[in-house]
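Data block for data_3.txt (compact mmCIF, C-alpha atoms):
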```txt
# COMPACT_ATOMS: atom_id res chain seq x y z
CA MET V 1 64.09 58.30 139.07
CA SER V 2 62.45 57.59 135.73
CA ARG V 3 61.12 54.27 134.48
CA TRP V 4 61.74 52.91 130.99
CA LEU V 5 59.80 50.16 129.24
CA ILE V 6 61.46 48.42 126.29
CA LEU V 7 59.21 46.15 124.22
CA ALA V 8 61.12 43.77 121.94
CA GLU V 9 60.04 40.98 119.62
CA GLY V 10 63.23 38.95 119.91
CA GLY V 11 62.73 35.44 118.55
CA SER V 12 58.96 35.49 118.93
CA ALA V 13 58.36 36.86 115.41
CA GLY V 14 56.74 34.21 113.25
CA LEU V 15 55.46 32.12 116.15
CA PHE V 16 52.05 33.82 116.02
CA ASP V 17 51.28 33.30 112.35
CA PRO V 18 49.16 34.46 110.58
CA LEU V 19 48.53 37.58 112.72
CA ASP V 20 52.10 38.70 113.38
CA LEU V 21 53.04 39.45 109.78
CA VAL V 22 51.38 42.87 110.08
CA ARG V 23 52.16 43.69 113.74
CA PRO V 24 54.89 43.04 116.27
CA THR V 25 54.10 40.23 118.67
CA PHE V 26 53.84 42.65 121.60
CA MET V 27 50.84 44.26 119.88
CA LEU V 28 48.75 41.07 119.94
CA ARG V 29 45.63 41.30 122.11
CA SER V 30 45.65 38.76 124.94
CA GLY V 31 42.75 39.99 127.08
CA ILE V 32 41.61 43.55 127.69
CA TRP V 33 44.88 44.86 126.24
CA THR V 34 47.63 43.98 123.86
CA VAL V 35 50.76 42.56 125.46
CA GLY V 36 52.64 45.85 125.26
CA GLU V 37 49.75 48.03 126.36
CA ARG V 38 49.22 45.85 129.44
CA TRP V 39 52.84 46.32 130.51
CA ARG V 40 52.55 50.06 129.84
CA ARG V 41 49.48 50.31 132.05
CA LEU V 42 50.92 48.10 134.76
CA LEU V 43 54.33 49.78 134.98
CA GLN V 44 53.27 53.36 134.17
CA PRO V 45 56.67 54.11 132.56
CA ASP V 46 57.97 57.57 131.76
CA HIS V 47 59.35 56.33 128.42
CA VAL V 48 58.35 53.51 126.05
CA VAL V 49 60.68 52.30 123.29
CA VAL V 50 60.23 49.33 120.99
CA SER V 51 62.44 46.93 119.07
CA GLN V 52 60.78 45.15 116.16
CA ARG V 53 61.22 44.01 112.57
CA SER V 54 62.22 47.06 110.57
CA ARG V 55 59.46 46.64 108.00
CA LEU V 56 56.85 47.15 110.78
CA SER V 57 58.41 50.29 112.23
CA GLU V 58 56.69 52.96 110.16
CA ALA V 59 53.14 51.68 110.68
CA VAL V 60 53.63 50.88 114.38
CA THR V 61 55.15 54.29 115.16
CA GLU V 62 52.29 55.95 113.30
CA GLU V 63 49.72 54.05 115.38
CA THR V 64 51.32 54.16 118.83
CA GLY V 65 53.79 57.02 118.89
CA TRP V 66 56.32 54.75 120.61
CA THR V 67 59.99 55.41 119.85
CA ASP V 68 61.47 52.72 117.63
CA ASN V 69 64.87 51.02 118.00
CA VAL V 70 66.44 53.69 120.22
CA LEU V 71 67.60 52.08 123.45
CA PRO V 72 67.82 54.13 126.67
CA PRO V 73 70.98 56.08 127.53
CA GLU V 74 73.70 54.75 129.76
CA ASP V 75 72.59 56.79 132.77
CA ALA V 76 68.98 55.54 132.63
CA ASP V 77 67.58 53.81 135.71
CA ASP V 78 64.79 51.29 136.40
CA LEU V 79 64.50 49.67 132.98
CA TRP V 80 62.06 46.88 132.14
CA LEU V 81 62.85 44.87 129.01
CA VAL V 82 59.90 42.71 127.87
CA VAL V 83 60.72 40.28 125.07
CA GLY V 84 58.10 38.42 123.05
CA VAL V 85 54.70 37.53 124.40
CA ALA V 86 55.18 37.63 128.17
CA VAL V 87 52.16 38.43 130.32
CA PRO V 88 51.82 39.07 134.06
CA MET V 89 49.70 36.65 136.05
CA ALA V 90 47.76 37.16 139.26
CA GLY V 91 50.02 37.95 142.18
CA SER V 92 50.27 40.55 144.91
CA ALA V 93 53.68 41.63 143.61
CA TRP V 94 51.98 43.57 140.80
CA ASP V 95 49.84 45.62 143.18
CA THR V 96 52.85 47.56 144.44
CA LEU V 97 55.54 46.37 141.99
CA SER V 98 57.29 44.87 145.00
CA LEU V 99 59.85 43.04 142.87
CA PRO V 100 63.65 43.02 142.99
CA SER V 101 65.38 46.00 141.37
CA ASP V 102 67.34 43.48 139.25
CA PHE V 103 65.89 40.20 137.99
CA ARG V 104 65.59 38.08 134.89
CA TRP V 105 62.64 35.82 134.03
CA MET V 106 62.79 33.68 130.87
CA ASP V 107 60.56 31.12 129.21
CA GLY V 108 61.24 29.99 125.65
CA HIS V 109 61.21 33.08 123.42
CA ALA V 110 59.74 35.29 126.16
CA ALA V 111 61.60 37.23 128.80
CA VAL V 112 61.12 40.01 131.34
CA ILE V 113 64.30 41.61 132.64
CA ARG V 114 64.54 44.49 135.08
CA PHE V 115 67.70 46.57 135.25
CA SER V 116 68.72 48.99 137.96
CA ALA V 117 70.96 51.90 136.97
CA SER V 118 74.11 49.94 137.83
CA SER V 119 73.11 46.73 136.07
CA TRP V 120 72.05 48.68 132.96
CA ARG V 121 75.51 50.24 132.78
CA THR V 122 76.96 46.73 133.02
CA HIS V 123 74.73 45.07 130.42
CA ARG V 124 73.76 47.92 128.07
CA ASP V 125 76.38 47.26 125.38
CA ALA V 126 75.54 43.55 125.31
CA VAL V 127 71.82 44.30 125.03
CA ILE V 128 72.50 46.74 122.18
CA ASP V 129 74.58 44.07 120.38
CA TRP V 130 71.78 41.53 120.87
CA ASN V 131 69.21 43.98 119.51
CA GLN V 132 71.26 45.08 116.49
CA GLU V 133 72.33 41.60 115.48
CA GLY V 134 68.79 40.27 115.65
CA ARG V 135 69.79 37.03 117.34
CA GLY V 136 66.25 35.76 117.47
CA ASP V 137 66.99 32.37 119.01
CA GLU V 138 68.86 33.94 121.91
CA LEU V 139 67.52 36.01 124.78
CA PRO V 140 69.28 39.16 125.94
CA PRO V 141 71.72 39.17 128.84
CA GLY V 142 70.63 40.52 132.17
CA PRO V 143 71.12 40.31 135.91
CA GLY V 144 70.04 37.41 138.08
CA HIS V 145 67.49 34.71 137.32
CA ASP V 146 64.16 33.86 138.95
CA GLU V 147 61.83 31.20 137.57
CA HIS V 148 59.06 31.84 140.08
CA LEU V 149 57.81 35.29 139.15
CA PRO V 150 54.08 35.65 138.32
CA ILE V 151 54.65 35.84 134.55
CA ARG V 152 53.67 33.50 131.71
CA GLY V 153 55.06 33.10 128.20
CA ALA V 154 53.34 32.00 124.99
CA THR V 155 54.51 29.98 121.99
CA GLY V 156 51.52 30.45 119.69
CA LEU V 157 48.11 32.06 119.39
CA TRP V 158 46.56 29.02 121.03
CA ASP V 159 48.28 29.88 124.33
CA LEU V 160 46.48 33.24 124.35
CA ILE V 161 43.18 31.38 123.92
CA THR V 162 43.98 28.72 126.52
CA HIS V 163 44.70 31.30 129.22
CA LEU V 164 42.10 33.87 128.16
CA GLU V 165 39.73 33.47 131.10
CA GLU V 166 42.54 33.76 133.64
CA GLN V 167 43.99 36.79 131.86
CA LEU V 168 40.62 38.54 131.72
CA ARG V 169 40.23 38.20 135.49
CA PHE V 170 43.66 39.75 136.04
CA ASP V 171 42.99 42.52 133.52
CA ALA V 172 39.55 43.40 134.88
CA ALA V 173 40.98 44.17 138.32
CA LEU V 174 43.75 46.24 136.74
CA TRP V 175 41.31 48.07 134.43
CA LEU V 176 39.20 49.14 137.39
CA ARG V 177 42.21 50.15 139.48
CA LEU V 178 43.83 52.23 136.74
CA ARG V 179 40.86 54.19 135.45
CA PRO V 180 41.88 57.88 135.54
CA ASP V 181 40.43 60.03 138.29
CA GLY V 182 37.23 61.68 137.19
CA GLU V 183 36.24 58.99 134.67
CA SER V 184 32.90 57.46 135.49
CA VAL V 185 32.77 53.74 136.15
CA THR V 186 29.45 52.13 136.98
CA GLU V 187 29.72 48.93 138.99
CA VAL V 188 26.41 47.15 138.62
CA PRO V 189 25.05 46.16 142.05
CA ARG V 190 23.74 42.73 142.85
CA PRO V 191 21.46 41.04 141.93
CA TYR V 192 22.02 42.50 138.46
CA GLY V 193 25.62 41.35 138.64
CA ALA V 194 25.86 37.93 140.26
CA GLU V 195 25.34 36.21 143.58
CA SER V 196 28.55 34.16 143.33
CA GLY V 197 31.95 34.12 141.71
CA ASP V 198 33.65 37.41 140.83
CA GLY V 199 30.29 39.14 140.59
CA MET V 200 31.66 42.32 139.00
CA ILE V 201 30.05 44.08 136.05
CA CYS V 202 31.56 47.46 135.23
CA TYR V 203 30.68 50.05 132.62
CA GLY V 204 32.81 52.85 131.26
CA ARG V 205 31.30 56.07 129.93
CA ASN V 206 28.24 56.20 127.67
CA VAL V 207 27.49 52.48 127.75
CA GLU V 208 24.06 51.35 126.51
CA VAL V 209 22.62 48.00 127.61
CA HIS V 210 19.17 47.01 126.38
CA PRO V 211 16.81 45.76 129.13
CA THR V 212 16.41 42.39 127.41
CA ALA V 213 20.16 41.71 127.48
CA VAL V 214 21.48 39.31 130.13
CA LEU V 215 24.89 39.93 131.70
CA ASP V 216 26.01 37.07 133.94
CA ALA V 217 29.18 37.61 135.98
CA SER V 218 28.88 34.47 138.09
CA ALA V 219 31.88 32.87 136.33
CA GLY V 220 33.97 36.02 135.98
CA PRO V 221 33.92 39.81 135.66
CA ILE V 222 32.41 41.70 132.75
CA ILE V 223 33.88 45.01 131.57
CA CYS V 224 32.02 47.11 129.00
CA ASP V 225 34.34 49.94 128.00
CA ASP V 226 33.45 53.45 126.84
CA GLY V 227 30.76 53.71 124.19
CA VAL V 228 29.81 50.01 124.20
CA ARG V 229 26.31 49.01 123.08
CA ILE V 230 24.67 45.73 124.10
CA GLU V 231 21.63 45.19 121.90
CA PRO V 232 18.48 43.13 122.61
CA TYR V 233 18.68 39.43 123.38
CA THR V 234 22.39 39.35 124.05
CA ASP V 235 23.51 36.72 126.56
CA LEU V 236 26.96 37.81 127.81
CA ARG V 237 28.70 35.64 130.36
CA GLY V 238 31.94 36.54 132.11
CA PRO V 239 34.78 36.77 132.13
CA ALA V 240 34.43 39.21 129.26
CA TYR V 241 35.75 42.47 127.92
CA ILE V 242 33.94 44.51 125.27
CA GLY V 243 36.20 47.20 123.82
CA VAL V 244 35.69 50.89 123.16
CA HIS V 245 32.73 51.62 120.85
CA SER V 246 32.06 47.95 120.11
CA THR V 247 28.55 46.57 119.74
CA LEU V 248 27.10 43.16 120.57
CA LEU V 249 24.20 42.61 118.19
CA GLY V 250 22.51 39.74 120.04
CA GLY V 251 23.59 36.15 120.58
CA LYS V 252 25.48 34.09 123.12
CA PHE V 253 28.96 34.98 124.40
CA GLU V 254 30.67 32.67 126.87
CA GLY V 255 33.85 30.89 127.88
CA GLY V 256 35.98 34.04 127.84
CA THR V 257 35.37 36.99 125.51
CA ALA V 258 37.97 39.60 124.54
CA ILE V 259 36.66 41.98 121.88
CA GLY V 260 38.78 44.98 120.95
CA PRO V 261 37.61 48.42 119.81
CA GLY V 262 35.23 49.17 116.98
CA CYS V 263 33.81 45.64 116.56
CA ARG V 264 30.28 44.51 115.69
CA ILE V 265 29.65 40.93 116.83
CA ALA V 266 26.56 38.71 116.80
CA GLY V 267 25.73 35.00 116.94
CA GLU V 268 27.63 32.47 119.04
CA TRP V 269 31.02 33.44 120.41
CA GLU V 270 33.05 31.26 122.74
CA ALA V 271 36.51 31.69 124.28
CA SER V 272 37.78 33.92 121.49
CA ILE V 273 39.69 37.15 120.85
CA ALA V 274 39.03 39.92 118.33
CA GLN V 275 42.02 42.22 117.88
CA GLY V 276 39.73 45.09 116.90
CA PHE V 277 37.51 46.46 114.12
CA ALA V 278 36.13 43.02 113.28
CA ASN V 279 32.65 42.48 111.88
CA LYS V 280 30.56 39.38 112.60
CA ALA V 281 27.10 40.85 112.30
CA HIS V 282 25.12 37.65 111.65
CA ALA V 283 24.45 34.19 113.02
CA GLY V 284 27.21 31.61 113.02
CA PHE V 285 29.59 30.10 115.58
CA PHE V 286 33.12 31.32 116.29
CA GLY V 287 34.89 29.50 119.09
CA HIS V 288 38.40 29.23 120.57
CA GLY V 289 39.79 31.43 117.81
CA PHE V 290 41.37 34.77 117.02
CA LEU V 291 40.24 37.46 114.56
CA GLY V 292 42.67 40.09 113.29
CA GLU V 293 41.67 43.67 112.52
CA TRP V 294 39.28 44.51 109.66
CA VAL V 295 38.03 40.93 109.34
CA ASN V 296 34.47 40.42 108.11
CA LEU V 297 32.67 37.10 108.61
CA GLY V 298 29.69 36.58 106.34
CA ALA V 299 26.36 35.23 107.56
CA MET V 300 26.52 31.69 108.98
CA THR V 301 30.30 31.54 108.88
CA THR V 302 31.11 28.82 111.40
CA ASN V 303 34.25 27.19 112.66
CA SER V 304 34.88 23.85 114.29
CA ASP V 305 36.78 23.91 117.57
CA LEU V 306 36.69 20.20 118.44
CA LYS V 307 37.84 17.18 116.44
CA ASN V 308 35.52 14.21 116.16
CA THR V 309 38.29 12.10 117.72
CA TYR V 310 38.60 14.50 120.69
CA GLY V 311 42.33 14.51 119.94
CA THR V 312 44.69 17.46 120.18
CA VAL V 313 44.57 19.98 117.37
CA ARG V 314 47.42 20.54 114.93
CA VAL V 315 47.89 23.83 113.06
CA VAL V 316 49.87 24.63 109.94
CA ARG V 317 53.02 26.68 110.48
CA ASN V 318 55.93 27.32 108.09
CA GLY V 319 54.90 24.56 105.73
CA GLY V 320 54.60 21.94 108.46
CA THR V 321 52.20 21.25 111.30
CA VAL V 322 52.48 21.87 115.02
CA ASP V 323 50.64 19.94 117.71
CA THR V 324 49.19 22.64 119.95
CA GLY V 325 48.27 20.25 122.74
CA CYS V 326 44.79 21.82 122.76
CA VAL V 327 41.68 19.67 122.54
CA LYS V 328 39.53 22.71 121.75
CA LEU V 329 40.90 25.12 119.18
CA GLY V 330 39.17 27.05 116.41
CA SER V 331 40.37 29.38 113.65
CA PHE V 332 42.96 32.14 113.31
CA ILE V 333 42.00 34.74 110.71
CA ALA V 334 44.43 37.54 109.86
CA ASP V 335 43.77 41.19 109.03
CA HIS V 336 41.64 42.36 106.09
CA SER V 337 40.27 38.89 105.35
CA LYS V 338 36.61 38.21 104.50
CA THR V 339 34.37 35.16 104.36
CA GLY V 340 31.19 34.81 102.34
CA ILE V 341 27.93 33.35 103.55
CA GLY V 342 27.93 29.75 104.66
CA THR V 343 31.71 29.48 105.06
CA LEU V 344 32.86 26.52 107.17
CA LEU V 345 36.28 26.54 108.82
CA PRO V 346 37.89 23.30 110.02
CA THR V 347 39.41 22.79 113.44
CA GLY V 348 42.66 24.71 113.77
CA ALA V 349 42.28 26.56 110.45
CA THR V 350 44.51 29.51 109.58
CA VAL V 351 43.54 32.23 107.10
CA GLY V 352 46.18 34.72 106.01
CA VAL V 353 46.15 38.47 105.45
CA GLY V 354 43.95 39.86 102.68
CA VAL V 355 42.08 36.62 101.90
CA ASN V 356 38.63 36.54 100.31
CA VAL V 357 36.72 33.28 100.85
CA PHE V 358 33.47 32.80 98.92
CA GLY V 359 31.08 30.14 97.71
CA GLY V 360 30.33 28.45 101.03
CA GLY V 361 31.37 24.98 102.12
CA MET V 362 34.47 23.71 103.91
CA CYS V 363 37.71 25.69 103.61
CA PRO V 364 41.19 24.21 103.45
CA MET V 365 43.11 23.89 106.72
CA ALA V 366 45.44 26.76 105.80
CA ILE V 367 44.91 29.54 103.27
CA PRO V 368 48.02 31.66 102.52
CA HIS V 369 48.02 35.43 102.42
CA PHE V 370 46.22 37.30 99.60
CA ILE V 371 44.24 34.37 98.20
CA TRP V 372 40.90 34.55 96.36
CA GLN V 373 39.46 31.27 97.64
CA GLY V 374 36.47 29.69 95.89
CA PRO V 375 34.73 26.45 96.84
CA ASP V 376 37.06 24.30 94.74
CA LYS V 377 39.65 26.63 93.20
CA ALA V 378 41.99 29.36 94.38
CA SER V 379 43.78 32.25 92.72
CA GLU V 380 45.83 35.25 93.77
CA HIS V 381 43.83 38.13 95.20
CA GLU V 382 44.58 41.20 93.10
CA LEU V 383 46.49 43.52 95.40
CA GLY V 384 45.07 46.75 93.99
CA LYS V 385 41.48 45.64 94.49
CA MET V 386 42.27 44.32 97.96
CA LEU V 387 43.76 47.69 98.96
CA GLN V 388 40.71 49.53 97.58
CA THR V 389 38.46 47.36 99.75
CA ALA V 390 40.69 47.91 102.77
CA ALA V 391 40.53 51.68 102.34
CA THR V 392 36.74 51.55 102.12
CA VAL V 393 36.44 49.39 105.23
CA VAL V 394 38.81 51.52 107.34
CA ALA V 395 36.90 54.70 106.43
CA ARG V 396 33.71 53.13 107.84
CA ARG V 397 35.26 53.20 111.36
CA LYS V 398 36.79 56.68 111.19
CA ASP V 399 34.89 57.94 114.25
CA VAL V 400 36.22 55.15 116.45
CA LEU V 401 39.73 55.53 115.02
CA ALA V 402 39.62 59.27 115.76
CA HIS V 403 38.49 58.54 119.34
CA LEU V 404 41.50 56.25 119.77
CA GLY V 405 43.91 58.74 118.22
CA ARG V 406 44.65 56.44 115.29
CA PRO V 407 44.73 57.45 111.60
CA GLU V 408 41.22 57.66 110.18
CA THR V 409 42.13 56.29 106.75
CA LEU V 410 44.28 53.55 105.30
CA THR V 411 47.58 55.41 105.42
CA ALA V 412 50.51 55.23 103.06
CA ALA V 413 52.51 53.45 105.79
CA GLN V 414 49.80 50.82 106.23
CA GLU V 415 49.56 50.31 102.47
CA ARG V 416 53.33 49.90 102.19
CA LEU V 417 53.21 47.27 104.94
CA LEU V 418 50.48 45.31 103.14
CA ARG V 419 52.44 45.52 99.88
CA ASN V 420 55.50 44.25 101.72
CA VAL V 421 53.57 41.25 103.07
CA PHE V 422 52.28 40.58 99.55
CA GLU V 423 55.84 40.44 98.22
CA LEU V 424 57.18 38.36 101.12
CA THR V 425 54.52 35.68 100.69
CA ALA V 426 54.52 35.43 96.87
CA GLY V 427 56.24 32.05 96.67
CA ARG V 428 53.92 30.24 99.05
CA ARG V 429 50.88 31.83 97.42
CA GLN V 430 51.90 30.81 93.90
CA GLY V 431 52.53 27.25 94.99
CA TYR V 432 49.16 27.11 96.70
CA CYS V 433 47.36 28.41 93.59
CA ALA V 434 49.11 25.87 91.39
CA GLU V 435 48.12 23.07 93.76
CA HIS V 436 44.50 24.18 93.94
CA GLY V 437 44.03 24.20 90.23
CA ALA V 438 42.96 27.65 89.06
CA THR V 439 43.89 28.19 85.42
CA GLU V 440 45.39 31.44 84.15
CA MET V 441 42.10 32.29 82.42
CA GLU V 442 40.15 31.66 85.63
CA ARG V 443 42.53 33.88 87.58
CA ARG V 444 41.72 36.72 85.24
```
Could you express the structure from this file as structure tokens?
Amino acid sequence: MSRWLILAEGGSAGLFDPLDLVRPTFMLRSGIWTVGERWRRLLQPDHVVVSQRSRLSEAVTEETGWTDNVLPPEDADDLWLVVGVAVPMAGSAWDTLSLPSDFRWMDGHAAVIRFSASSWRTHRDAVIDWNQEGRGDELPPGPGHDEHLPIRGATGLWDLITHLEEQLRFDAALWLRLRPDGESVTEVPRPYGAESGDGMICYGRNVEVHPTAVLDASAGPIICDDGVRIEPYTDLRGPAYIGVHSTLLGGKFEGGTAIGPGCRIAGEWEASIAQGFANKAHAGFFGHGFLGEWVNLGAMTTNSDLKNTYGTVRVVRNGGTVDTGCVKLGSFIADHSKTGIGTLLPTGATVGVGVNVFGGGMCPMAIPHFIWQGPDKASEHELGKMLQTAATVVARRKDVLAHLGRPETLTAAQERLLRNVFELTAGRRQGYCAEHGATEMERR
């Protein structure tokens, strides 16, 4: 018997703006791993195939090697179809995968469906039709229905933040259990770990922790993956995950920390996620937010994550606003965006792909993709110059990229994807520039 894992976006595309314009939703980090990588590690499938927006296919295949938009054959058995941002929660069922051979779990735009060989033969044509027709508002057909499985859906980036601590606890146990035989894992003994709570601090290979750093696992486990460096005067409190070859440069990290590979982070960090390759090398507060890849935050960049009224936070989406239901919520900053020194981000701010913010002071609530944002005026970021900067930045992390098996330069596929996003978002960007008053001469 062979196991297949099918990762599909379904109707979740666009719900995780501004980060899902340049990646499928199943490649969003939601703890130690991205959504798709967590399912791959948990299920240990023999085959992984993906279904996503066609404009993402080239870059995603280049990065992951996963087969795109080719569904399993009719005689396949034990298929798991994961749609949208669905994540497993704590439960003994995942220890042995003691789940029914056929089931269907659904929540909004998220679903997890398991097919046996017989049920796949029954439903395969309908699933293929659903996939080819791109019926985003519908979920695929499947056998049975069970609302009580240990799985959780998400409707926006804020859900990944809200459940980050819980997810990190689940992931830490799985990370430790699934480390390949022969790989060294150092579990720090008490009292260096903690006297209460989860009390687990684990290191991968070649981890360096300075003696003046404090790692406190009393509120949750701490995982420092291969090649991590913890520099002097870092206060790291669990639950936390520090990704491969990332460095903490001093500061305070608490409330849930999920930092992907190749990052350099300092200052205050609370209950936040970095997709990977982010740079926050100076003082400043980032809380209850999400950084995309290749983001750079200038010195003293700070976001608000609490309204003065203590009311729930609204975020801008598709030209309107959405009430997230969260009292604490910070900023969402998409890939290849930069902030200058002294940048202030309001509660619930969103910053698009390829944005350059400079001049200090308070930013608008939502900055569209590829904007050159000054303190009181905005213009379109010149695409050629933005791509030159992106190529320079990517080359600075080539050693980490090589370690991960990813391309070591900004590839032609990645550039085509960024150009595609630039074209897709032209209308909104032009309207924003007109509203924010930059003249044609100033844009030049």
Point-to-point distance from CA of Leu236 (chain V) to CA of Lys328 (chain V), Å rounded to tenths: 20.6 Å
Can you work out the spacing between CA of Pro364 (chain V) and CA of Asp376 (chain V) in Å, to one decimal?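 Separation of CA of Pro364 (chain V) and CA of Asp376 (chain V): 9.6 Å.
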Would you compute the distance between CA of Leu176 (chain V) and CA of Cys202 (chain V)? Give it in Å to one decimal.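 Going from CA of Leu176 (chain V) over to CA of Cys202 (chain V), I get 8.1 Å.
Closest approach to Val127 (chain V) from the set V:Glu435, V:Asp102, V:Asp95, V:Glu74 is made by V:Glu74, with distances taken over all atoms listed in the file.
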Compile a residue-level contact table for region 52-114 of chain V against region 16-40 of chain V at a cut-off of 12 Å, reporting for every qualifying residue the shortest atom pair and its distance in Å to one decimal, with all atoms listed in the file counted, rows ordered by chain and ascending number, as a Markdown table.
```
| residue | atom | partner | partner_atom | distance |
| --- | --- | --- | --- | --- |
| V:Gln52 | CA | V:Pro24 | CA | 6.3 |
| V:Arg53 | CA | V:Pro24 | CA | 7.4 |
| V:Ser54 | CA | V:Pro24 | CA | 10.1 |
| V:Arg55 | CA | V:Val22 | CA | 9.2 |
| V:Leu56 | CA | V:Arg23 | CA | 6.5 |
| V:Ser57 | CA | V:Pro24 | CA | 9.0 |
| V:Glu58 | CA | V:Arg23 | CA | 10.9 |
| V:Ala59 | CA | V:Arg23 | CA | 8.6 |
| V:Val60 | CA | V:Arg23 | CA | 7.4 |
| V:Thr61 | CA | V:Arg23 | CA | 11.1 |
| V:Glu63 | CA | V:Arg23 | CA | 10.8 |
| V:Thr64 | CA | V:Glu37 | CA | 9.8 |
| V:Trp66 | CA | V:Gly36 | CA | 10.7 |
| V:Asp68 | CA | V:Pro24 | CA | 11.8 |
| V:Trp80 | CA | V:Trp39 | CA | 9.4 |
| V:Leu81 | CA | V:Trp39 | CA | 10.2 |
| V:Val82 | CA | V:Gly36 | CA | 8.3 |
| V:Val83 | CA | V:Phe26 | CA | 8.1 |
| V:Gly84 | CA | V:Phe26 | CA | 6.2 |
| V:Val85 | CA | V:Phe26 | CA | 5.9 |
| V:Ala86 | CA | V:Val35 | CA | 7.2 |
| V:Val87 | CA | V:Val35 | CA | 6.5 |
| V:Pro88 | CA | V:Trp39 | CA | 8.1 |
| V:Met89 | CA | V:Arg38 | CA | 11.3 |
| V:Trp94 | CA | V:Trp39 | CA | 10.7 |
| V:Leu97 | CA | V:Trp39 | CA | 11.8 |
| V:His109 | CA | V:Thr25 | CA | 11.1 |
| V:Ala110 | CA | V:Phe26 | CA | 10.5 |
| V:Ala111 | CA | V:Phe26 | CA | 11.9 |
| V:Val112 | CA | V:Trp39 | CA | 10.4 |
```
Polymer residues at most 7 Å from region 291-295 of chain V, all atoms listed in the file, same-chain spacing of 2 or more positions, as a list in words: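 Here the answer would be Leu19, Ile273, Ala274, Gln275, Gly276, Phe277, Ala278, Asn279, Gly289, Leu297, Phe332, Ile333, Ala334, Asp335, His336, Ser337 and Lys338 of chain V.
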Top pick for closest residue to Thr234 (chain V), considering V:Leu248, V:Val400, V:Ile265, V:Leu149 and counting all atoms listed in the file: V:Leu248
Report, as JSON, the axis-aligned box around all atoms of region 226-243 of chain V present in the file, extended by 5 Å on each side; give centre and edge lengths in Å to one decimal place.
```
{"center_x": 27.3, "center_y": 44.7, "center_z": 127.0, "size_x": 27.7, "size_y": 28.1, "size_z": 20.2}
```
Of the candidates V:Pro211, V:Ala8, V:Ala366, V:Arg104, which one gets nearest to Asp146 (chain V) if we count all atoms listed in the file?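 Of the candidates, the smallest distance to Asp146 (chain V) is held by V:Arg104.
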Can you tell me which residues surround region 423-432 of chain V at a distance of at most 10 Å, considering all atoms listed in the file, apart from same-chain residues fewer than 6 positions away, and format the answer as an MDAnalysis selection string? chainID V and resid 21 318:319 352 366:371 378:381 417 438
Let me see the file: selected residues, C-alpha atoms, as a short mmCIF file (atom, residue, chain, number, x, y, z; two decimals), in the coordinates of the input.
```cif
data_model
loop_
_atom_site.label_atom_id
_atom_site.label_comp_id
_atom_site.auth_asym_id
_atom_site.auth_seq_id
_atom_site.Cartn_x
_atom_site.Cartn_y
_atom_site.Cartn_z
CA LEU V 21 53.04 39.45 109.78
CA ASN V 318 55.93 27.32 108.09
CA GLY V 319 54.90 24.56 105.73
CA GLY V 352 46.18 34.72 106.01
CA ALA V 366 45.44 26.76 105.80
CA ILE V 367 44.91 29.54 103.27
CA PRO V 368 48.02 31.66 102.52
CA HIS V 369 48.02 35.43 102.42
CA PHE V 370 46.22 37.30 99.60
CA ILE V 371 44.24 34.37 98.20
CA ALA V 378 41.99 29.36 94.38
CA SER V 379 43.78 32.25 92.72
CA GLU V 380 45.83 35.25 93.77
CA HIS V 381 43.83 38.13 95.20
CA LEU V 417 53.21 47.27 104.94
CA ALA V 438 42.96 27.65 89.06
#
```
Within-12 Å shell of (31.8, 24.7, 100.0) in input frame, all atoms listed in the file, as JSON, numbers by chain: {"V": [301, 339, 340, 341, 342, 343, 344, 345, 346, 357, 358, 359, 360, 361, 362, 363, 364, 373, 374, 375, 376, 377]}
